[in-house]
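Peer 1: Structure file target-v9.tsv (TSV, C-alpha atoms) is given on the next line.
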chain	number	residue	atom	x	y	z
A	131	MET	CA	76.18	-16.36	20.73
A	132	ALA	CA	73.77	-13.49	20.01
A	133	GLU	CA	70.28	-12.86	21.31
A	134	PHE	CA	67.29	-12.88	18.94
A	135	VAL	CA	63.58	-12.14	19.39
A	136	VAL	CA	61.62	-15.06	17.87
A	137	LYS	CA	57.94	-14.65	16.98
A	138	MET	CA	56.23	-17.97	16.21
A	139	SER	CA	53.03	-20.01	16.54
A	140	ASP	CA	52.52	-23.62	17.61
A	141	GLU	CA	50.29	-26.28	16.03
A	142	ARG	CA	47.25	-24.84	17.85
A	143	GLY	CA	47.77	-21.42	16.31
A	144	ARG	CA	48.89	-19.71	19.54
A	145	VAL	CA	51.37	-16.92	18.82
A	146	VAL	CA	54.29	-16.37	21.20
A	147	GLU	CA	57.30	-14.05	21.20
A	148	GLN	CA	60.41	-14.94	23.18
A	149	THR	CA	64.12	-14.16	23.36
A	150	GLU	CA	66.50	-16.96	22.39
A	151	SER	CA	70.26	-17.28	21.97
A	152	GLY	CA	71.80	-18.59	18.78
A	153	ALA	CA	74.71	-18.31	16.39
A	154	THR	CA	72.60	-16.91	13.54
A	155	ALA	CA	68.97	-16.05	12.81
A	156	GLU	CA	68.85	-18.83	10.20
A	157	GLU	CA	70.04	-21.40	12.74
A	158	LEU	CA	67.32	-20.37	15.22
A	159	ARG	CA	64.65	-20.40	12.52
A	160	ALA	CA	65.63	-23.89	11.39
A	161	ARG	CA	65.63	-25.12	14.99
A	162	PHE	CA	62.06	-24.01	15.71
A	163	VAL	CA	60.72	-25.05	12.29
A	164	GLN	CA	62.13	-28.53	12.90
A	165	ALA	CA	60.38	-28.54	16.31
A	166	GLY	CA	57.01	-27.98	14.58
A	167	TYR	CA	56.58	-24.23	15.00
A	168	HIS	CA	55.66	-21.74	12.29
A	169	VAL	CA	58.23	-18.94	12.61
A	170	PHE	CA	57.02	-15.45	11.68
A	171	SER	CA	60.25	-13.57	12.33
A	172	VAL	CA	63.68	-13.84	13.94
A	173	LYS	CA	65.13	-10.41	14.77
A	174	ALA	CA	68.43	-9.57	16.40
A	175	ARG	CA	68.04	-7.47	19.55
A	176	GLY	CA	69.26	-3.91	19.03
A	177	VAL	CA	71.16	-4.47	15.77
A	178	ALA	CA	72.11	-1.14	14.13
A	179	GLY	CA	69.41	0.61	16.05
A	180	PHE	CA	66.71	-1.48	14.46
A	181	GLY	CA	65.77	-3.64	17.45
A	182	ARG	CA	62.41	-1.90	17.73
A	183	GLN	CA	61.25	-0.39	14.50
A	184	ARG	CA	58.26	1.83	14.04
A	185	LYS	CA	56.06	0.70	11.19
A	186	VAL	CA	56.57	2.23	7.77
A	187	LYS	CA	53.87	4.48	6.36
A	188	LEU	CA	51.75	2.70	3.78
A	189	GLU	CA	51.78	5.37	1.07
A	190	PRO	CA	55.58	5.83	0.74
A	191	PHE	CA	55.98	2.07	1.08
A	192	LEU	CA	53.60	1.55	-1.85
A	193	ILE	CA	55.60	4.04	-3.96
A	194	PHE	CA	58.82	2.25	-2.99
A	195	ASN	CA	57.43	-1.14	-4.03
A	196	GLN	CA	56.18	0.24	-7.35
A	197	GLN	CA	59.59	1.73	-8.10
A	198	PHE	CA	61.38	-1.43	-6.92
A	199	LEU	CA	59.20	-3.57	-9.18
A	200	THR	CA	59.85	-1.26	-12.15
A	201	LEU	CA	63.63	-1.46	-11.65
A	202	ILE	CA	63.54	-5.27	-11.39
A	203	LYS	CA	61.48	-5.49	-14.57
A	204	ALA	CA	64.05	-3.28	-16.29
A	205	GLY	CA	66.70	-5.86	-15.47
A	206	LEU	CA	68.53	-4.09	-12.62
A	207	PRO	CA	69.92	-6.32	-9.84
A	208	ILE	CA	68.10	-6.37	-6.52
A	209	LEU	CA	71.01	-4.91	-4.53
A	210	GLY	CA	71.55	-2.04	-6.96
A	211	SER	CA	67.82	-1.26	-6.99
A	212	LEU	CA	67.68	-1.13	-3.18
A	213	GLU	CA	70.72	1.14	-2.95
A	214	MET	CA	69.34	3.49	-5.61
A	215	LEU	CA	65.91	3.72	-3.96
A	216	ALA	CA	67.43	4.26	-0.50
A	217	LYS	CA	69.23	7.37	-1.79
A	218	ASN	CA	66.01	8.78	-3.29
A	219	GLN	CA	63.87	8.54	-0.14
A	220	LYS	CA	62.83	11.86	1.43
A	221	ASP	CA	62.06	10.28	4.82
A	222	ALA	CA	65.43	9.77	6.53
A	223	HIS	CA	64.12	6.96	8.76
A	224	PHE	CA	62.66	5.03	5.83
A	225	ALA	CA	65.87	5.60	3.84
A	226	ASN	CA	67.90	4.11	6.71
A	227	GLN	CA	65.63	1.07	6.80
A	228	ILE	CA	66.07	0.44	3.06
A	229	SER	CA	69.83	0.96	3.39
A	230	ALA	CA	69.91	-1.60	6.21
A	231	VAL	CA	68.01	-4.07	3.97
A	232	ALA	CA	70.53	-3.46	1.17
A	233	GLN	CA	73.46	-4.08	3.54
A	234	ARG	CA	71.97	-7.40	4.63
A	235	VAL	CA	71.35	-8.46	1.02
A	236	LYS	CA	74.97	-7.51	0.29
A	237	THR	CA	76.18	-9.92	2.99
A	238	GLY	CA	74.29	-12.81	1.41
A	239	GLU	CA	70.86	-12.77	3.08
A	240	SER	CA	67.77	-13.28	0.95
A	241	LEU	CA	65.46	-10.33	0.31
A	242	SER	CA	62.72	-11.68	2.61
A	243	GLN	CA	65.22	-12.38	5.41
A	244	ALA	CA	66.68	-8.87	5.10
A	245	PHE	CA	63.29	-7.13	5.34
A	246	GLU	CA	62.29	-9.39	8.23
A	247	ALA	CA	65.51	-8.77	10.16
A	248	VAL	CA	65.38	-4.98	9.78
A	249	GLY	CA	61.75	-4.89	10.93
A	250	GLY	CA	59.05	-2.25	10.67
A	251	PHE	CA	57.60	-3.69	7.46
A	252	PRO	CA	54.19	-5.41	7.08
A	253	LEU	CA	54.26	-9.12	7.87
A	254	MET	CA	52.44	-9.84	4.63
A	255	HIS	CA	55.23	-8.17	2.66
A	256	THR	CA	58.00	-10.39	4.03
A	257	THR	CA	55.80	-13.49	3.70
A	258	THR	CA	54.98	-12.61	0.08
A	259	LEU	CA	58.66	-12.12	-0.72
A	260	LEU	CA	59.46	-15.50	0.88
A	261	ALA	CA	56.79	-17.21	-1.26
A	262	GLY	CA	58.18	-15.53	-4.39
A	263	GLU	CA	61.73	-16.64	-3.58
A	264	ARG	CA	60.68	-20.23	-2.95
A	265	SER	CA	58.65	-20.40	-6.18
A	266	GLY	CA	61.35	-18.63	-8.19
A	267	ASN	CA	58.81	-16.07	-9.40
A	268	LEU	CA	59.59	-13.02	-7.27
A	269	GLN	CA	58.55	-10.48	-9.91
A	270	GLU	CA	55.04	-11.87	-10.37
A	271	VAL	CA	54.46	-12.23	-6.62
A	272	LEU	CA	55.66	-8.67	-6.02
A	273	GLU	CA	53.26	-7.44	-8.73
A	274	ARG	CA	50.35	-9.05	-6.88
A	275	TYR	CA	51.46	-7.50	-3.60
A	276	VAL	CA	51.70	-4.03	-5.16
A	277	SER	CA	48.21	-4.47	-6.62
A	278	PHE	CA	46.89	-5.56	-3.22
A	279	GLN	CA	48.58	-2.64	-1.49
A	280	ARG	CA	47.23	-0.14	-4.02
A	281	ILE	CA	43.62	-1.36	-3.69
A	282	SER	CA	43.80	-1.49	0.13
A	283	LEU	CA	45.28	2.02	0.38
A	284	THR	CA	42.68	3.45	-2.02
A	285	PHE	CA	39.83	1.90	-0.02
A	286	ARG	CA	41.28	3.16	3.26
A	287	LYS	CA	41.58	6.69	1.85
A	288	LYS	CA	37.92	6.61	0.81
A	289	LEU	CA	36.89	5.62	4.34
A	290	VAL	CA	39.00	8.34	5.92
A	291	ALA	CA	37.69	10.96	3.48
A	292	SER	CA	34.10	10.03	4.30
A	293	LEU	CA	34.78	10.53	8.02
A	294	ILE	CA	36.43	13.95	7.73
A	295	TYR	CA	33.24	16.04	7.54
A	296	PRO	CA	31.49	14.51	10.61
A	297	VAL	CA	34.67	14.81	12.67
A	298	VAL	CA	35.18	18.45	11.68
A	299	LEU	CA	31.51	19.14	12.42
A	300	MET	CA	31.77	17.62	15.90
A	301	VAL	CA	34.93	19.59	16.65
A	302	LEU	CA	33.26	22.86	15.59
A	303	VAL	CA	30.14	22.10	17.64
A	304	THR	CA	32.25	21.29	20.71
A	305	ALA	CA	34.31	24.49	20.27
A	306	LEU	CA	31.13	26.57	19.91
A	307	LEU	CA	29.59	25.13	23.08
A	308	ILE	CA	32.80	25.67	25.05
A	309	PHE	CA	32.89	29.30	23.84
A	310	MET	CA	29.28	29.87	24.89
A	311	PHE	CA	29.71	28.30	28.33
A	312	THR	CA	33.04	29.97	29.15
A	313	VAL	CA	32.61	33.42	27.54
A	314	VAL	CA	29.00	34.26	26.64
A	315	ILE	CA	27.15	32.81	29.65
A	316	PRO	CA	29.52	34.33	32.28
A	317	GLN	CA	28.89	37.77	30.68
A	318	PHE	CA	25.16	37.30	31.16
A	319	ALA	CA	25.82	36.18	34.74
A	320	GLN	CA	27.61	39.47	35.50
A	321	LEU	CA	24.73	41.42	33.93
A	322	TYR	CA	22.06	39.67	36.00
A	323	ASP	CA	24.13	39.98	39.18
A	324	GLN	CA	24.19	43.76	38.70
A	325	MET	CA	20.45	43.85	38.06
A	326	GLY	CA	19.76	41.85	41.24
A	327	SER	CA	16.42	40.60	39.93
A	328	HIS	CA	14.85	37.22	40.65
A	329	LEU	CA	15.86	34.71	37.96
A	330	PRO	CA	14.00	31.62	36.68
A	331	THR	CA	15.30	28.26	37.92
A	332	MET	CA	16.48	27.22	34.45
A	333	THR	CA	18.53	30.41	34.10
A	334	VAL	CA	20.07	30.02	37.57
A	335	TYR	CA	21.26	26.49	36.76
A	336	LEU	CA	22.67	27.57	33.39
A	337	LEU	CA	24.55	30.58	34.85
A	338	SER	CA	25.96	28.44	37.67
A	339	PHE	CA	27.16	25.85	35.17
A	340	GLY	CA	28.70	28.60	33.01
A	341	LYS	CA	30.63	30.01	35.98
A	342	TRP	CA	31.80	26.52	36.92
A	343	MET	CA	32.95	25.84	33.34
A	344	GLN	CA	34.84	29.15	33.16
A	345	LYS	CA	36.66	28.31	36.41
A	346	TYR	CA	37.53	24.68	35.67
A	347	ILE	CA	37.73	24.49	31.85
A	348	LEU	CA	41.54	24.19	31.83
A	349	TYR	CA	41.40	21.39	34.40
A	350	LEU	CA	38.75	19.62	32.30
A	351	ILE	CA	40.89	19.88	29.16
A	352	ALA	CA	43.91	18.53	31.05
A	353	ALA	CA	41.79	15.67	32.44
A	354	PHE	CA	40.53	14.76	28.95
A	355	ILE	CA	44.09	14.79	27.61
A	356	LEU	CA	45.28	12.51	30.43
A	357	LEU	CA	42.33	10.18	29.91
A	358	GLY	CA	43.08	10.10	26.18
A	359	LEU	CA	46.73	9.21	26.82
A	360	ALA	CA	45.74	6.53	29.35
A	361	PHE	CA	43.24	5.08	26.88
A	362	TYR	CA	45.89	5.09	24.13
A	363	ARG	CA	48.38	3.24	26.32
A	364	TYR	CA	45.70	0.77	27.37
A	365	SER	CA	44.82	0.17	23.69
A	366	LEU	CA	48.43	-0.89	23.05
A	367	THR	CA	48.17	-3.80	25.49
A	368	ASP	CA	46.81	-7.19	24.42
A	369	LYS	CA	44.01	-7.06	26.98
A	370	GLY	CA	43.08	-3.53	25.95
A	371	ARG	CA	42.98	-4.40	22.26
A	372	GLU	CA	40.71	-7.36	22.89
A	373	ARG	CA	38.26	-5.36	25.04
A	374	ILE	CA	38.18	-2.38	22.68
A	375	ASP	CA	37.67	-4.62	19.67
A	376	GLY	CA	34.87	-6.48	21.47
A	377	ILE	CA	33.11	-3.19	22.26
A	378	ARG	CA	33.68	-1.92	18.73
A	379	ILE	CA	32.09	-4.99	17.14
A	380	LYS	CA	29.04	-4.77	19.46
A	381	LEU	CA	28.28	-1.15	18.54
A	382	PRO	CA	24.94	-0.71	16.75
A	383	VAL	CA	25.31	-0.14	12.98
A	384	LEU	CA	29.01	0.78	13.16
A	385	GLY	CA	29.91	-2.60	14.67
A	386	LYS	CA	28.67	-4.48	11.61
A	387	ILE	CA	30.49	-2.06	9.32
A	388	TRP	CA	33.74	-2.65	11.21
A	389	LEU	CA	33.27	-6.43	11.09
A	390	LYS	CA	32.64	-6.41	7.32
A	391	TYR	CA	35.67	-4.19	6.74
A	392	GLN	CA	37.92	-6.63	8.63
A	393	VAL	CA	36.46	-9.61	6.74
A	394	ALA	CA	37.13	-7.79	3.47
A	395	LEU	CA	40.74	-7.09	4.48
A	396	PHE	CA	41.26	-10.69	5.61
A	397	SER	CA	39.80	-12.09	2.37
A	398	ARG	CA	41.93	-9.90	0.12
A	399	THR	CA	45.09	-10.67	2.12
A	400	LEU	CA	44.44	-14.42	2.03
A	401	SER	CA	43.64	-14.30	-1.70
A	402	THR	CA	46.90	-12.48	-2.47
A	403	LEU	CA	48.98	-14.94	-0.43
A	404	LEU	CA	47.35	-18.02	-1.96
A	405	THR	CA	47.73	-16.63	-5.47
A	406	GLY	CA	51.42	-16.05	-4.72
A	407	GLY	CA	51.88	-19.78	-4.12
A	408	LEU	CA	51.91	-19.88	-0.31
A	409	PRO	CA	50.21	-22.94	1.29
A	410	LEU	CA	46.85	-22.47	3.02
A	411	VAL	CA	47.95	-22.75	6.68
A	412	PRO	CA	50.87	-20.27	6.49
A	413	SER	CA	48.61	-17.96	4.46
A	414	LEU	CA	45.94	-18.10	7.16
A	415	GLU	CA	48.53	-17.38	9.86
A	416	THR	CA	49.86	-14.35	7.99
A	417	ALA	CA	46.37	-13.06	7.15
A	418	ALA	CA	45.33	-13.42	10.80
A	419	ARG	CA	48.34	-11.36	11.88
A	420	SER	CA	47.65	-8.69	9.24
A	421	ILE	CA	44.15	-7.66	10.36
A	422	THR	CA	43.36	-5.26	13.20
A	423	SER	CA	40.39	-7.00	14.82
A	424	ARG	CA	41.59	-9.28	17.60
A	425	LYS	CA	38.29	-11.20	17.63
A	426	ILE	CA	38.50	-12.09	13.94
A	427	SER	CA	42.23	-12.79	14.22
A	428	GLN	CA	41.60	-15.20	17.09
A	429	ALA	CA	38.79	-16.87	15.11
A	430	VAL	CA	41.17	-17.40	12.17
A	431	PHE	CA	43.82	-18.95	14.43
A	432	GLU	CA	41.17	-21.28	15.86
A	433	SER	CA	40.12	-22.28	12.34
A	434	ILE	CA	43.74	-23.15	11.52
A	435	THR	CA	43.59	-25.98	14.06
A	436	THR	CA	40.51	-27.52	12.41
A	437	VAL	CA	42.03	-27.04	8.93
A	438	ARG	CA	45.07	-29.01	10.06
A	439	GLU	CA	42.70	-31.75	11.23
A	440	GLY	CA	41.37	-32.09	7.69
A	441	LYS	CA	38.25	-29.92	7.65
A	442	SER	CA	37.56	-27.41	4.90
A	443	LEU	CA	38.26	-23.73	5.39
A	444	ALA	CA	34.56	-22.86	5.12
A	445	ASP	CA	33.59	-25.38	7.82
A	446	SER	CA	36.38	-24.16	10.08
A	447	MET	CA	35.27	-20.54	9.69
A	448	ARG	CA	31.63	-21.50	10.30
A	449	LEU	CA	32.57	-23.09	13.63
A	450	SER	CA	34.10	-19.81	14.82
A	451	GLY	CA	30.68	-18.10	14.62
A	452	VAL	CA	32.27	-14.76	13.68
A	453	PHE	CA	32.27	-14.61	9.89
A	454	PRO	CA	29.13	-13.54	7.98
A	455	ASP	CA	27.16	-16.40	6.40
A	456	LEU	CA	27.54	-14.96	2.90
A	457	SER	CA	31.34	-15.02	3.10
A	458	ILE	CA	31.29	-18.65	4.26
A	459	GLU	CA	28.96	-19.67	1.42
A	460	MET	CA	31.17	-17.98	-1.18
A	461	ILE	CA	34.29	-19.63	0.25
A	462	THR	CA	32.49	-23.00	0.14
A	463	VAL	CA	31.84	-22.51	-3.58
A	464	GLY	CA	35.48	-21.47	-4.09
A	465	GLU	CA	36.78	-24.63	-2.41
A	466	GLN	CA	34.40	-26.89	-4.31
A	467	THR	CA	35.31	-25.36	-7.68
A	468	GLY	CA	39.05	-25.13	-6.96
A	469	ALA	CA	39.00	-21.35	-7.35
A	470	LEU	CA	39.44	-20.29	-3.72
A	471	PRO	CA	41.77	-17.29	-4.35
A	472	ALA	CA	39.42	-15.82	-6.98
A	473	MET	CA	36.38	-16.35	-4.74
A	474	LEU	CA	38.16	-14.75	-1.78
A	475	ASN	CA	38.86	-11.76	-3.99
A	476	SER	CA	35.14	-11.61	-4.83
A	477	VAL	CA	34.30	-11.78	-1.11
A	478	SER	CA	36.61	-8.84	-0.51
A	479	GLU	CA	35.13	-6.76	-3.34
A	480	PHE	CA	31.57	-7.46	-2.19
A	481	PHE	CA	32.18	-6.50	1.44
A	482	GLU	CA	34.26	-3.44	0.51
A	483	GLU	CA	31.36	-2.14	-1.55
A	484	ASP	CA	28.93	-3.05	1.24
A	485	VAL	CA	31.07	-1.19	3.79
A	486	ALA	CA	31.27	1.92	1.60
A	487	THR	CA	27.48	1.93	1.09
A	488	ALA	CA	26.66	1.28	4.76
A	489	LEU	CA	29.13	3.90	5.98
A	490	THR	CA	27.70	6.51	3.60
A	491	ALA	CA	24.17	5.75	4.85
A	492	ALA	CA	25.25	5.87	8.51
A	493	LEU	CA	27.04	9.19	8.07
A	494	ALA	CA	24.02	10.59	6.25
A	495	LEU	CA	22.07	9.97	9.47
A	496	ILE	CA	24.80	11.03	11.91
A	497	GLU	CA	25.41	14.47	10.35
A	498	PRO	CA	21.82	15.78	10.72
A	499	MET	CA	21.63	14.26	14.21
A	500	ILE	CA	24.67	16.33	15.23
A	501	LEU	CA	23.07	19.47	13.81
A	502	ILE	CA	19.74	18.74	15.54
A	503	ILE	CA	21.38	18.14	18.93
A	504	MET	CA	23.43	21.30	18.48
A	505	GLY	CA	20.30	23.26	17.59
A	506	VAL	CA	18.37	21.97	20.61
A	507	VAL	CA	21.24	22.83	22.99
A	508	VAL	CA	21.63	26.33	21.53
A	509	VAL	CA	17.87	26.97	21.74
A	510	ILE	CA	17.80	25.87	25.41
A	511	ILE	CA	20.75	28.16	26.17
A	512	LEU	CA	19.16	31.16	24.42
A	513	ILE	CA	15.79	30.65	26.12
A	514	SER	CA	17.49	30.37	29.53
A	515	LEU	CA	19.55	33.51	28.95
A	516	TYR	CA	16.78	35.73	27.57
A	517	LEU	CA	13.89	34.50	29.74
A	518	PRO	CA	14.67	37.04	32.53
A	519	ILE	CA	14.74	39.87	29.95
A	520	PHE	CA	11.33	38.81	28.63
A	521	SER	CA	10.02	38.66	32.22
A	522	LEU	CA	11.30	42.21	32.93
A	523	GLY	CA	9.67	43.46	29.74
A	524	GLN	CA	6.31	42.02	30.75
A	525	MET	CA	6.61	43.52	34.26
A	526	GLY	CA	7.32	46.95	32.73
A	527	GLN	CA	4.08	46.77	30.82
As structure tokens, please, write out the structure in this file.

Peer 2:
Amino acid sequence: MAEFVVKMSDERGRVVEQTESGATAEELRARFVQAGYHVFSVKARGVAGFGRQRKVKLEPFLIFNQQFLTLIKAGLPILGSLEMLAKNQKDAHFANQISAVAQRVKTGESLSQAFEAVGGFPLMHTTTLLAGERSGNLQEVLERYVSFQRISLTFRKKLVASLIYPVVLMVLVTALLIFMFTVVIPQFAQLYDQMGSHLPTMTVYLLSFGKWMQKYILYLIAAFILLGLAFYRYSLTDKGRERIDGIRIKLPVLGKIWLKYQVALFSRTLSTLLTGGLPLVPSLETAARSITSRKISQAVFESITTVREGKSLADSMRLSGVFPDLSIEMITVGEQTGALPAMLNSVSEFFEEDVATALTAALALIEPMILIIMGVVVVIILISLYLPIFSLGQMGQ
């Protein structure tokens, strides 16, 4: 008997992960499915060093899927395509993962089971492959996933690119202020100490702060690094993720942008899964696991319970009180017309465009605010530093 890590959800949508013993992964999966659970994954503990896999990077994974799809279309067998692509990967870790998938396929496992057992791949990918295998249309389902991955990666790159300039600006402003407080101001402090003249109160406070900064700047940097590491570790916990996501959604302006971005990602994921032939409830479970926001993910899991009770998806989402009214109205139309996947895709496109527009407008306001604050701080520093010199000049007259 071997030990496996089973990740599953019950009829209420609650997700649990526990270690179980079994002869094979397939036997454990069948056991829990028969008991009424939806099984996300069954992974062997510590097999071939893949017990705990770091997630693959999205860009090389997209390139891999595009190449894999091209080889399948050309008529190459799945095993041969995997072995060929594993040899061509520049990232040694990613190459080992693909090789491990190929070895499992070689022993008789299905493609979805192999990717799931190796781990480190997006949940949506393994679920999509499973839907394609069950429907006998793996090529078409994989094409939809590649299209989804390409659009999502392009949109994410646009968001990151739009944030680069403000981040660089803030870093430069911070570096400039640290330089002034630790180098420039202490030089003025030495000058005024030698002069021995009476200094204005504002100058005294500024020089004292500059001396303090020069003495403790390394301790402050170390403290910020430790706080950053502590915050990062806290963000990896379930409680930390929930609190951080709750704060993030409540932020003025940026909170709404984040919420719309997550709704767009959820809608596109759900649309892709439904189009691939997966039933609604498993699609909702996978989509809920694929988004970052814990609040929206929890709302989706709650809606799964009401969907199982016979209510429509739109009504279930409305009860959660999280999703924007416009998205619920569009989903209602999609359900009534029998075109839910297409309408979900429209929801995603609408909110993606809305996010891009809102983020551009927000950054257009943030950038001048940074410059204004920087200008005010620099002016205060200069006035404080040169005020004693002006006073001496007036006394000399």

Peer 1: Which neighbours of region 480-497 of chain A fall inside 7 Å, counting only C-alpha atoms, when residues of the same chain fewer than 6 positions from it are skipped, and could you give them as a list in words?

Peer 2: Pro296, Ile387, Lys390, Tyr391 and Ala394 of chain A

Peer 1: Find the residues around region 395-410 of chain A up to 6 Å (only C-alpha atoms counted), leave out those fewer than 2 positions away in its own chain, and share them as a tab-separated table (two decimals) with C-alpha atoms, in the frame of the given file.

Peer 2:
chain	number	residue	atom	x	y	z
A	261	ALA	CA	56.79	-17.21	-1.26
A	271	VAL	CA	54.46	-12.23	-6.62
A	392	GLN	CA	37.92	-6.63	8.63
A	393	VAL	CA	36.46	-9.61	6.74
A	412	PRO	CA	50.87	-20.27	6.49
A	413	SER	CA	48.61	-17.96	4.46
A	417	ALA	CA	46.37	-13.06	7.15
A	471	PRO	CA	41.77	-17.29	-4.35
A	474	LEU	CA	38.16	-14.75	-1.78
A	475	ASN	CA	38.86	-11.76	-3.99
A	478	SER	CA	36.61	-8.84	-0.51

Peer 1: Any idea what's packed within 12 Å of Val430 (chain A), counting all atoms listed in the file, ignoring anything in its chain fewer than 4 positions away? Could you give it as a ChimeraX atom specification?

Peer 2: /A:142-144,392-393,396-397,400,410-421,423-426,434-437,443-453

Peer 1: Need the axis-aligned box for region 472-479 of chain A with 5 Å each side, so what are the centre and edges in Å to one decimal, as JSON?

Peer 2:
{"center_x": 36.9, "center_y": -11.6, "center_z": -3.7, "size_x": 15.1, "size_y": 19.6, "size_z": 16.5}

Peer 1: Return the single residue from A:Met343, A:Met300, A:Leu384, A:Met332 that is closest to Ile503 (chain A), with distances computed using only C-alpha atoms.

Peer 2: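 Distance minimum relative to Ile503 (chain A) lands on A:Met300.
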
Peer 1: Which residue gives the smallest distance to Glu372 (chain A) among A:Lys345, A:Thr422, A:Gln164, A:Ser151, with only C-alpha atoms counted?

Peer 2: A:Thr422

Peer 1: Find the residues around Thr149 (chain A) up to 8 Å (all atoms listed in the file counted), leave out those fewer than 2 positions away in its own chain, and share them as a list in words.

Peer 2: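 After dropping sequence-adjacent residues, the list is Glu133, Phe134, Val135, Val136, Glu147 and Ser151 of chain A.
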
Peer 1: Between CA of Ala244 (chain A) and CA of Val231 (chain A), what is the distance in Å, rounded to a tenth?

Peer 2: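 CA of Ala244 (chain A) sits 5.1 Å away from CA of Val231 (chain A).
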